[in-house]
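First up is the structure itself, then whatever we jot down about it.
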Amino acid sequence: MEQVYVKLEMVGFRVGKRLAERFAPLNRRLTDTLDIVKFVCKDVWMVLFNRQVDNLKTNHRGVYVLQDNKFKWFLRMSGNNGGAAAARRAQPYIWLPCGIIRGILDSFGVNTVVTAETMGLPQCTFQIKIVSEEQSNS
């Protein structure tokens, strides 16, 4: 499963780089990390899923949480065997969007670690942690 995760995340990363190149606003420069994350939540999510992210939270210390209460790829998944089992089965479907988010932020020069989880379908939460230069060099 680890190899599948790495491969899907890397495909998503490359797609994210291309999406940022294609849809980045030409009339304004996105230099602030919060503005870049808002670009992901509004513009990119609209392109990918025909809706915006439901909720964006930040601790203003380099952690952003994006919450999508009706994640499109989970809408038709069944949770007959309980929430935890369905969430485990859905896990591979969020590796690609994690890579997309990481690729978009990387194209703007922001090094991140993106993780995702679901407590119950169709809800999905993505956590973006900014990796500072000091952390990446140690």
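Each chain in the structure tokens gets a letter, A, B and so on, in the order shown; residues start at 1 in every chain, and ligands are counted from 1 in the order they appear.
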
Residues of segment 77-121 of chain A that have any atom at most 10 Å from an atom of segment 2-17 of chain A: could you tabulate them with the shortest-distance atom pair and the distance in Å to one decimal, using only C-alpha atoms, ordered by chain and increasing number, as a tab-separated table?
```
residue	atom	partner	partner_atom	distance
A:Gln91	CA	A:Tyr5	CA	9.7
A:Pro92	CA	A:Tyr5	CA	7.1
A:Tyr93	CA	A:Leu8	CA	9.1
A:Ile94	CA	A:Glu9	CA	9.0
A:Trp95	CA	A:Glu9	CA	5.4
A:Leu96	CA	A:Gly12	CA	4.7
A:Pro97	CA	A:Gly12	CA	6.1
A:Cys98	CA	A:Glu9	CA	6.5
A:Gly99	CA	A:Gly12	CA	4.1
A:Ile100	CA	A:Gly16	CA	4.0
A:Ile101	CA	A:Gly16	CA	6.2
A:Arg102	CA	A:Phe13	CA	6.0
A:Gly103	CA	A:Phe13	CA	4.1
A:Ile104	CA	A:Gly16	CA	4.6
A:Leu105	CA	A:Lys17	CA	8.1
A:Asp106	CA	A:Lys17	CA	7.3
A:Ser107	CA	A:Lys17	CA	5.6
A:Phe108	CA	A:Lys17	CA	9.0
A:Val114	CA	A:Glu9	CA	9.8
```

Might you pull out every residue within 7 Å of Thr115 of chain A, with only C-alpha atoms counted and same-chain residues fewer than 2 positions away left off, and present them as a list in words?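 So, after excluding close chain neighbours, the residues are Cys98, Val113, Phe126, Gln127 and Ile128 of chain A.
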
Could you take the residues named above and write them with N, CA, C and O atoms, as a PDB file, in the first residue's frame?
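Okay, part_15.pdb is ready:
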```pdb
ATOM      1  N   CYS A  98      -4.306  15.072  -1.965  1.00  0.00           N
ATOM      2  CA  CYS A  98      -3.215  15.542  -1.096  1.00  0.00           C
ATOM      3  C   CYS A  98      -2.023  15.972  -1.949  1.00  0.00           C
ATOM      4  O   CYS A  98      -1.409  17.014  -1.716  1.00  0.00           O
ATOM      5  N   VAL A 113       3.594  19.632   3.982  1.00  0.00           N
ATOM      6  CA  VAL A 113       3.200  18.239   4.170  1.00  0.00           C
ATOM      7  C   VAL A 113       1.676  18.267   4.245  1.00  0.00           C
ATOM      8  O   VAL A 113       1.109  18.993   5.051  1.00  0.00           O
ATOM      9  N   PHE A 126      -8.536  17.976   5.065  1.00  0.00           N
ATOM     10  CA  PHE A 126      -7.146  18.030   4.616  1.00  0.00           C
ATOM     11  C   PHE A 126      -6.379  18.958   5.539  1.00  0.00           C
ATOM     12  O   PHE A 126      -6.831  20.065   5.817  1.00  0.00           O
ATOM     13  N   GLN A 127      -5.229  18.513   6.015  1.00  0.00           N
ATOM     14  CA  GLN A 127      -4.392  19.333   6.874  1.00  0.00           C
ATOM     15  C   GLN A 127      -3.099  19.660   6.131  1.00  0.00           C
ATOM     16  O   GLN A 127      -2.408  18.769   5.649  1.00  0.00           O
ATOM     17  N   ILE A 128      -2.809  20.957   6.049  1.00  0.00           N
ATOM     18  CA  ILE A 128      -1.611  21.441   5.375  1.00  0.00           C
ATOM     19  C   ILE A 128      -0.671  21.996   6.430  1.00  0.00           C
ATOM     20  O   ILE A 128      -1.044  22.909   7.161  1.00  0.00           O
TER      21      ILE A 128
END
```

Residue set, segment 24-114 of chain A restricted to strand (DSSP E or B), as a PyMOL selection string: chain A and resi 55-58+63-68+112-114

Residue list (alpha helix (DSSP H), DSSP) for segment 61-133 of chain A, as a JSON list (two decimals) with N, CA and C atoms, in the first residue's frame:
```json
[["chain", "number", "residue", "atom", "x", "y", "z"],
["A", 83, "GLY", "N", -18.88, 3.25, 9.94],
["A", 83, "GLY", "CA", -18.10, 4.41, 9.53],
["A", 83, "GLY", "C", -16.61, 4.16, 9.45],
["A", 84, "ALA", "N", -16.04, 3.44, 10.41],
["A", 84, "ALA", "CA", -14.59, 3.23, 10.44],
["A", 84, "ALA", "C", -14.13, 2.38, 9.26],
["A", 85, "ALA", "N", -14.87, 1.34, 8.93],
["A", 85, "ALA", "CA", -14.49, 0.48, 7.82],
["A", 85, "ALA", "C", -14.60, 1.23, 6.50],
["A", 86, "ALA", "N", -15.65, 2.00, 6.34],
["A", 86, "ALA", "CA", -15.83, 2.78, 5.11],
["A", 86, "ALA", "C", -14.73, 3.83, 4.99],
["A", 87, "ALA", "N", -14.38, 4.45, 6.09],
["A", 87, "ALA", "CA", -13.31, 5.46, 6.08],
["A", 87, "ALA", "C", -11.98, 4.84, 5.68],
["A", 88, "ARG", "N", -11.70, 3.63, 6.15],
["A", 88, "ARG", "CA", -10.46, 2.93, 5.77],
["A", 88, "ARG", "C", -10.45, 2.61, 4.28],
["A", 89, "ARG", "N", -11.57, 2.17, 3.76],
["A", 89, "ARG", "CA", -11.65, 1.85, 2.32],
["A", 89, "ARG", "C", -11.52, 3.11, 1.47],
["A", 90, "ALA", "N", -11.95, 4.24, 1.98],
["A", 90, "ALA", "CA", -11.92, 5.50, 1.22],
["A", 90, "ALA", "C", -10.54, 6.16, 1.24],
["A", 95, "TRP", "N", -5.43, 10.34, -1.39],
["A", 95, "TRP", "CA", -3.99, 10.51, -1.60],
["A", 95, "TRP", "C", -3.72, 11.40, -2.81],
["A", 96, "LEU", "N", -4.49, 11.25, -3.87],
["A", 96, "LEU", "CA", -4.31, 12.08, -5.06],
["A", 96, "LEU", "C", -4.57, 13.56, -4.76],
["A", 97, "PRO", "N", -5.70, 13.92, -4.12],
["A", 97, "PRO", "CA", -5.90, 15.34, -3.81],
["A", 97, "PRO", "C", -4.85, 15.90, -2.84],
["A", 98, "CYS", "N", -4.31, 15.07, -1.96],
["A", 98, "CYS", "CA", -3.22, 15.54, -1.10],
["A", 98, "CYS", "C", -2.02, 15.97, -1.95],
["A", 99, "GLY", "N", -1.69, 15.16, -2.95],
["A", 99, "GLY", "CA", -0.60, 15.51, -3.85],
["A", 99, "GLY", "C", -0.91, 16.75, -4.67],
["A", 100, "ILE", "N", -2.17, 16.90, -5.09],
["A", 100, "ILE", "CA", -2.55, 18.09, -5.86],
["A", 100, "ILE", "C", -2.35, 19.34, -5.03],
["A", 101, "ILE", "N", -2.80, 19.31, -3.80],
["A", 101, "ILE", "CA", -2.65, 20.48, -2.91],
["A", 101, "ILE", "C", -1.17, 20.78, -2.70],
["A", 102, "ARG", "N", -0.38, 19.74, -2.42],
["A", 102, "ARG", "CA", 1.06, 19.93, -2.20],
["A", 102, "ARG", "C", 1.74, 20.48, -3.45],
["A", 103, "GLY", "N", 1.35, 20.00, -4.64],
["A", 103, "GLY", "CA", 1.93, 20.48, -5.88],
["A", 103, "GLY", "C", 1.62, 21.94, -6.15],
["A", 104, "ILE", "N", 0.40, 22.35, -5.87],
["A", 104, "ILE", "CA", 0.01, 23.75, -6.07],
["A", 104, "ILE", "C", 0.84, 24.65, -5.16],
["A", 105, "LEU", "N", 0.91, 24.30, -3.89],
["A", 105, "LEU", "CA", 1.66, 25.13, -2.95],
["A", 105, "LEU", "C", 3.15, 25.13, -3.30],
["A", 106, "ASP", "N", 3.67, 24.00, -3.74],
["A", 106, "ASP", "CA", 5.08, 23.93, -4.12],
["A", 106, "ASP", "C", 5.38, 24.83, -5.32],
["A", 107, "SER", "N", 4.45, 24.93, -6.25],
["A", 107, "SER", "CA", 4.68, 25.77, -7.42],
["A", 107, "SER", "C", 4.75, 27.25, -7.05],
["A", 133, "GLU", "N", 12.30, 26.18, 6.34],
["A", 133, "GLU", "CA", 13.63, 25.81, 5.85],
["A", 133, "GLU", "C", 14.45, 25.11, 6.93]]
```

Which residues of segment 22-51 of chain A come within 12 Å of segment 129-132 of chain A, and for each one, what is the closest pair of atoms and their distance in Å to one decimal, counting only C-alpha atoms, sorted by chain and residue number, as a Markdown table?
```
| residue | atom | partner | partner_atom | distance |
| --- | --- | --- | --- | --- |
| A:Thr33 | CA | A:Ile130 | CA | 8.9 |
| A:Leu34 | CA | A:Ile130 | CA | 10.9 |
| A:Val37 | CA | A:Ile130 | CA | 11.1 |
```

What's the separation between atom CA of Asp68 of chain A and atom CA of Pro122 of chain A, in Å to one decimal place? 8.3 Å

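The space between atom CA of Asn69 of chain A and atom CA of Asp54 of chain A spans 6.4 Å.
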
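Among the candidates A:Gly62, A:Gly120, A:Arg28, A:Val47, the one nearest to Leu75 of chain A when counting only C-alpha atoms is A:Gly120.
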
Quick one, how far is atom CA of Cys41 of chain A from atom CA of Leu66 of chain A?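 Atom-to-atom, atom CA of Cys41 of chain A to atom CA of Leu66 of chain A, that is 7.4 Å.
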
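Take the candidates A:Leu26, A:Met46, A:Val53, A:Val110 and check each one against Cys124 of chain A using only C-alpha atoms; the shortest distance goes to A:Val53.
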
Using only C-alpha atoms, the residue out of A:Thr58, A:Gln123, A:Asn111, A:Asn50 with shortest distance to Arg76 of chain A is A:Gln123
